[in-house]
Amino acid sequence: MLHMDSWQHALTVLIVIFAGGLIVGKLTEKPRIPDVAAYLVYGILIGPAVFNLIQEPSQSQVNQLLLNMGATLILFDGGRSVQFSVLKKVWISIVMLATIGVLVTAFVMGIAAHYILGTPWLLSILLGSVIASTDPATLIPVFRRVAIVPRLQQTVESESAFNDATGAVLVFTVLGLLAAGGHVHWYEPIWTFVESAVLGLLIGAAFGLLGLWLVSTRAWGIFHEYGSIVMLVIGLASYQLTSSLGASGFMAAFTAGVICGNGKTFRWPFANYTEENINHFGSSITLIMRMLIFVLLGTQVNFGLVSKYLWMGLILVLIFIVIARPLAVFSSVWADKRARWRRNHIAFMCWVRETGVIPAALSGMLVAKGITGARIISAITFLAILLTIVIQASTTGFVAKRLDVLKESEQEEL
């Protein structure tokens, strides 16, 4: 069994992960299975549960570095894909889904977990908060294989990018309540949530503008030939500074990505070759991070704990899919009259809500912090990731066709 306790072992582990990840990822192309599902299964196979080739404890510093860095870069790159032109048309739906939708999901799942698992209220809400966000790392590759109505596609992608950040803020807010033993005034968690999110937005926006200024040839542009490296530094630095101030580093990284992806709006666009290099680098680095996170997550699955909570976990995931998500969607999109969503659009939003990278990273962080009940959260999160990816992501094309939301089947009205 290999551990990353020496550079030789670390190098061998990376070779095994990347070489195997390339093969299983390639095998998913024709059946159009999400690659993250294959990475997860591959991790299980090479982990202690089957062939026992690799074991990297979730509490290790290496694992935490990969989780934090991977989640940050995936959020930053997801932010870059959010376009202001789309936000102008459906921003109400996106904001509502990324705030009210996340809160509804967290509380519905928290209530369900409390009564099904018998966990304390705060721990139950923490579980709901961890799995409340959807996953751009899963959705974006799926939509590259299944072309749906552009307005609907970009709304769901933007929601997934935004609610990863708000979900992370909610998790750390609930952690603060746990640390205080729940003895706080009613307004304190609300203030903590707002403070963390707003500070993350401000710092992220500042770093995003800095990135545009350094890379765009219409601004200072001194680093226009090193745009990919600048983006890497901007994403990681925005996370690090914001986290050190006690606010949401994930929100900051995402916001920085949104600003850097909309240079034309600020009249600081990137040159075409710079944009192409950044896009290629971003796709490659997020693919690497997805491989690392999901393969390592697969190696860390505690099947004894999963089997212990299997039936309760399956019931929770069923509630997650057929109750929590539809409630989150209906409570959010009703307010957006301008978007003129049709019933088939809303039904598609209800079905597409894969759980992935950020919940995996958050559950891993909770285990590493030694939070009481974190391993239960980890087991339920694993089931949510596995089942939503296998059931929902794998059937996206079929559902899109049945609901008549494929790109070629409908003309855009907006």
# chains A, B, ... in the order shown; residues from 1 in each chain; ligands from 1
>>> select_by_dssp(residues="range 215-393 of chain A", states="alpha helix (DSSP H)", output="PyMOL selection string")
chain A and resi 215+227-244+249-260+272-299+303-308+310-319+325-333+343-351+357-369+374-387
>>> write_last_selection(atoms="C-alpha atoms", output="short mmCIF file (atom, residue, chain, number, x, y, z; two decimals), in the first residue's frame")
data_model
loop_
_atom_site.label_atom_id
_atom_site.label_comp_id
_atom_site.auth_asym_id
_atom_site.auth_seq_id
_atom_site.Cartn_x
_atom_site.Cartn_y
_atom_site.Cartn_z
CA VAL A 215 -3.16 40.63 -18.34
CA GLY A 227 -2.19 34.94 -18.52
CA SER A 228 -2.63 31.33 -17.36
CA ILE A 229 -0.14 31.72 -14.53
CA VAL A 230 -1.70 35.02 -13.47
CA MET A 231 -5.13 33.38 -13.33
CA LEU A 232 -3.72 30.55 -11.21
CA VAL A 233 -2.18 33.04 -8.76
CA ILE A 234 -5.30 35.23 -8.67
CA GLY A 235 -7.55 32.26 -7.87
CA LEU A 236 -5.35 30.85 -5.11
CA ALA A 237 -4.38 34.24 -3.63
CA SER A 238 -7.99 35.44 -3.41
CA TYR A 239 -8.87 32.25 -1.52
CA GLN A 240 -5.89 32.45 0.80
CA LEU A 241 -6.25 36.11 1.78
CA THR A 242 -10.01 35.88 2.32
CA SER A 243 -9.71 32.69 4.38
CA SER A 244 -7.01 34.26 6.55
CA GLY A 249 -12.27 31.97 0.40
CA PHE A 250 -14.44 29.91 -1.94
CA MET A 251 -16.75 32.90 -2.57
CA ALA A 252 -13.71 35.09 -3.24
CA ALA A 253 -12.19 32.63 -5.72
CA PHE A 254 -15.48 32.27 -7.57
CA THR A 255 -16.06 36.04 -7.72
CA ALA A 256 -12.52 36.62 -8.98
CA GLY A 257 -13.23 34.09 -11.72
CA VAL A 258 -16.47 35.86 -12.72
CA ILE A 259 -14.64 39.19 -13.08
CA CYS A 260 -11.74 37.64 -15.01
CA ASN A 272 -7.55 36.08 -28.44
CA TYR A 273 -4.41 33.96 -28.00
CA THR A 274 -4.33 34.80 -24.28
CA GLU A 275 -7.97 33.77 -23.89
CA GLU A 276 -7.32 30.48 -25.72
CA ASN A 277 -4.30 29.70 -23.53
CA ILE A 278 -6.24 30.49 -20.33
CA ASN A 279 -9.20 28.34 -21.42
CA HIS A 280 -6.93 25.41 -22.32
CA PHE A 281 -4.99 25.72 -19.06
CA GLY A 282 -8.21 26.05 -17.03
CA SER A 283 -9.75 22.95 -18.61
CA SER A 284 -6.58 20.94 -18.00
CA ILE A 285 -6.03 22.01 -14.40
CA THR A 286 -9.67 21.42 -13.41
CA LEU A 287 -9.56 17.97 -15.06
CA ILE A 288 -6.46 17.16 -13.00
CA MET A 289 -8.15 18.40 -9.83
CA ARG A 290 -11.30 16.36 -10.55
CA MET A 291 -9.18 13.23 -10.99
CA LEU A 292 -7.29 13.83 -7.75
CA ILE A 293 -10.33 14.69 -5.64
CA PHE A 294 -12.64 11.92 -6.81
CA VAL A 295 -10.05 9.14 -7.04
CA LEU A 296 -8.78 9.97 -3.55
CA LEU A 297 -12.37 10.23 -2.31
CA GLY A 298 -12.99 6.73 -3.65
CA THR A 299 -9.94 5.37 -1.81
CA PHE A 303 -17.64 0.92 3.49
CA GLY A 304 -18.27 -0.27 7.03
CA LEU A 305 -19.80 3.10 7.87
CA VAL A 306 -21.60 3.36 4.52
CA SER A 307 -23.15 -0.10 4.98
CA LYS A 308 -24.18 0.83 8.52
CA LEU A 310 -26.95 2.36 3.80
CA TRP A 311 -30.75 2.13 3.98
CA MET A 312 -31.13 5.38 5.87
CA GLY A 313 -28.72 7.00 3.41
CA LEU A 314 -30.69 5.70 0.43
CA ILE A 315 -33.90 7.15 1.90
CA LEU A 316 -32.17 10.49 2.46
CA VAL A 317 -30.86 10.60 -1.12
CA LEU A 318 -34.35 9.73 -2.40
CA ILE A 319 -35.76 12.65 -0.37
CA ARG A 325 -34.54 19.71 -5.15
CA PRO A 326 -38.05 20.35 -6.54
CA LEU A 327 -38.88 22.47 -3.48
CA ALA A 328 -35.64 24.44 -3.96
CA VAL A 329 -36.46 25.08 -7.63
CA PHE A 330 -40.12 25.99 -7.12
CA SER A 331 -39.30 28.31 -4.22
CA SER A 332 -36.78 30.13 -6.39
CA VAL A 333 -37.95 30.47 -10.00
CA ARG A 343 -42.94 23.76 -17.28
CA ASN A 344 -40.45 21.59 -19.14
CA HIS A 345 -37.63 24.00 -18.23
CA ILE A 346 -38.55 23.86 -14.55
CA ALA A 347 -38.88 20.07 -14.64
CA PHE A 348 -35.39 19.82 -16.16
CA MET A 349 -33.96 22.05 -13.41
CA CYS A 350 -35.55 19.77 -10.82
CA TRP A 351 -33.81 16.72 -12.26
CA VAL A 357 -16.52 18.24 -5.87
CA ILE A 358 -17.39 20.94 -3.33
CA PRO A 359 -19.51 18.67 -1.06
CA ALA A 360 -16.71 16.07 -1.30
CA ALA A 361 -14.14 18.68 -0.33
CA LEU A 362 -16.28 20.04 2.51
CA SER A 363 -17.02 16.60 3.97
CA GLY A 364 -13.30 15.79 3.82
CA MET A 365 -12.48 19.02 5.65
CA LEU A 366 -15.00 18.20 8.41
CA VAL A 367 -13.40 14.78 8.93
CA ALA A 368 -9.94 16.38 9.02
CA LYS A 369 -11.13 18.92 11.62
CA ALA A 374 -18.25 14.13 10.45
CA ARG A 375 -17.85 10.50 9.35
CA ILE A 376 -21.63 10.08 9.18
CA ILE A 377 -21.76 13.20 6.99
CA SER A 378 -18.95 11.76 4.86
CA ALA A 379 -20.84 8.48 4.35
CA ILE A 380 -24.10 10.22 3.36
CA THR A 381 -22.19 12.64 1.11
CA PHE A 382 -20.54 9.71 -0.67
CA LEU A 383 -23.94 8.10 -1.30
CA ALA A 384 -25.37 11.43 -2.54
CA ILE A 385 -22.43 11.92 -4.92
CA LEU A 386 -22.52 8.36 -6.24
CA LEU A 387 -26.28 8.13 -6.72
#
>>> residues_around(residues="Ala179 in chain A", least_positions_apart="6", cutoff="12 Å", atoms="only C-alpha atoms", output="PyMOL selection string")
chain A and resi 122-123+172-173+369+371-372
>>> atom_distance(atom1="CA of Arg80 in chain A", atom2="CA of Pro141 in chain A")
15.1 Å
>>> closest_residue(among="A:Phe107, A:Tyr42, A:Val405, A:Leu209", to="Trp341 in chain A", atoms="only C-alpha atoms")
A:Val405
>>> closest_residue(among="A:Asn52, A:Arg338, A:Thr388, A:Gln153", to="Lys88 in chain A", atoms="only C-alpha atoms")
A:Arg338
>>> residues_around(residues="Ala219 in chain A", least_positions_apart="5", cutoff="12 Å", atoms="only C-alpha atoms", output="PyMOL selection string")
chain A and resi 209-214+224+263-264+266-271
>>> residues_around(residues="range 166-168 of chain A", least_positions_apart="6", cutoff="7 Å", atoms="only C-alpha atoms", output="VMD selection string")
chain A and resid 98 to 99 102 129 to 130 132 to 133 250
>>> write_last_selection(atoms="C-alpha atoms", output="PDB file, in the first residue's frame")
ATOM      1  CA  ALA A  98     -28.049  30.017  -5.236  1.00  0.00           C
ATOM      2  CA  THR A  99     -29.434  31.477  -1.986  1.00  0.00           C
ATOM      3  CA  VAL A 102     -29.474  26.315  -1.055  1.00  0.00           C
ATOM      4  CA  SER A 129     -25.503  22.299   4.161  1.00  0.00           C
ATOM      5  CA  VAL A 130     -22.655  20.097   2.922  1.00  0.00           C
ATOM      6  CA  ALA A 132     -26.924  21.505  -0.616  1.00  0.00           C
ATOM      7  CA  SER A 133     -24.899  22.720  -3.584  1.00  0.00           C
ATOM      8  CA  PHE A 250     -14.444  29.915  -1.939  1.00  0.00           C
TER       9      PHE A 250
END
>>> closest_residue(among="A:Gln300, A:Thr138, A:Met109, A:Asp5", to="Trp121 in chain A", atoms="only C-alpha atoms")
A:Met109
>>> residues_around(residues="Asp35 in chain A", least_positions_apart="2", cutoff="9 Å", atoms="only C-alpha atoms", output="list of chain:residue names")
A:Gly21, A:Val24, A:Gly25, A:Lys26, A:Leu27, A:Thr28, A:Glu29, A:Arg32, A:Ile33, A:Ala37, A:Ala38, A:Tyr39, A:Leu40, A:Thr138, A:Pro141, A:Val142, A:Arg290, A:Met291
>>> residues_around(residues="Glu159 in chain A", least_positions_apart="3", cutoff="12 Å", atoms="only C-alpha atoms", output="PyMOL selection string")
chain A and resi 75+78-79+81-82+86-87+90-102+132-136+139-140+152-156+162-167+328-329+332-333+349+352-354
>>> write_last_selection(atoms="C-alpha atoms", output="PDB file, in the first residue's frame")
ATOM      1  CA  LEU A  75     -14.723  27.337  -8.502  1.00  0.00           C
ATOM      2  CA  GLY A  78     -16.481  27.839 -13.038  1.00  0.00           C
ATOM      3  CA  GLY A  79     -16.766  31.550 -12.298  1.00  0.00           C
ATOM      4  CA  SER A  81     -17.717  30.551 -17.474  1.00  0.00           C
ATOM      5  CA  VAL A  82     -20.443  32.822 -16.046  1.00  0.00           C
ATOM      6  CA  VAL A  86     -26.688  35.649 -19.398  1.00  0.00           C
ATOM      7  CA  LEU A  87     -26.892  37.014 -15.857  1.00  0.00           C
ATOM      8  CA  VAL A  90     -31.969  35.308 -15.719  1.00  0.00           C
ATOM      9  CA  TRP A  91     -30.113  36.810 -12.771  1.00  0.00           C
ATOM     10  CA  ILE A  92     -33.165  36.635 -10.500  1.00  0.00           C
ATOM     11  CA  SER A  93     -33.492  32.877 -11.019  1.00  0.00           C
ATOM     12  CA  ILE A  94     -29.764  32.332 -10.496  1.00  0.00           C
ATOM     13  CA  VAL A  95     -29.588  34.445  -7.329  1.00  0.00           C
ATOM     14  CA  MET A  96     -32.707  32.815  -5.871  1.00  0.00           C
ATOM     15  CA  LEU A  97     -31.485  29.286  -6.679  1.00  0.00           C
ATOM     16  CA  ALA A  98     -28.049  30.017  -5.236  1.00  0.00           C
ATOM     17  CA  THR A  99     -29.434  31.477  -1.986  1.00  0.00           C
ATOM     18  CA  ILE A 100     -33.026  30.494  -1.224  1.00  0.00           C
ATOM     19  CA  GLY A 101     -32.564  27.214  -3.092  1.00  0.00           C
ATOM     20  CA  VAL A 102     -29.474  26.315  -1.055  1.00  0.00           C
ATOM     21  CA  ALA A 132     -26.924  21.505  -0.616  1.00  0.00           C
ATOM     22  CA  SER A 133     -24.899  22.720  -3.584  1.00  0.00           C
ATOM     23  CA  THR A 134     -24.793  21.321  -7.096  1.00  0.00           C
ATOM     24  CA  ASP A 135     -21.574  20.685  -8.990  1.00  0.00           C
ATOM     25  CA  PRO A 136     -20.185  22.641 -11.981  1.00  0.00           C
ATOM     26  CA  LEU A 139     -22.582  19.571 -14.955  1.00  0.00           C
ATOM     27  CA  ILE A 140     -20.288  21.356 -17.402  1.00  0.00           C
ATOM     28  CA  LEU A 152     -31.475  26.925 -19.629  1.00  0.00           C
ATOM     29  CA  GLN A 153     -27.994  25.425 -19.791  1.00  0.00           C
ATOM     30  CA  GLN A 154     -26.219  28.599 -18.701  1.00  0.00           C
ATOM     31  CA  THR A 155     -28.737  29.186 -15.919  1.00  0.00           C
ATOM     32  CA  VAL A 156     -28.118  25.728 -14.432  1.00  0.00           C
ATOM     33  CA  PHE A 162     -22.777  30.348  -7.435  1.00  0.00           C
ATOM     34  CA  ASN A 163     -24.328  27.868  -5.015  1.00  0.00           C
ATOM     35  CA  ASP A 164     -21.045  26.053  -4.448  1.00  0.00           C
ATOM     36  CA  ALA A 165     -19.757  29.261  -2.915  1.00  0.00           C
ATOM     37  CA  THR A 166     -22.924  29.994  -0.909  1.00  0.00           C
ATOM     38  CA  GLY A 167     -23.073  26.360   0.210  1.00  0.00           C
ATOM     39  CA  ALA A 328     -35.640  24.437  -3.956  1.00  0.00           C
ATOM     40  CA  VAL A 329     -36.461  25.078  -7.626  1.00  0.00           C
ATOM     41  CA  SER A 332     -36.779  30.130  -6.394  1.00  0.00           C
ATOM     42  CA  VAL A 333     -37.946  30.468 -10.001  1.00  0.00           C
ATOM     43  CA  MET A 349     -33.958  22.055 -13.409  1.00  0.00           C
ATOM     44  CA  VAL A 352     -30.339  18.197 -12.867  1.00  0.00           C
ATOM     45  CA  ARG A 353     -28.670  18.642  -9.476  1.00  0.00           C
ATOM     46  CA  GLU A 354     -25.586  16.417  -9.273  1.00  0.00           C
TER      47      GLU A 354
END
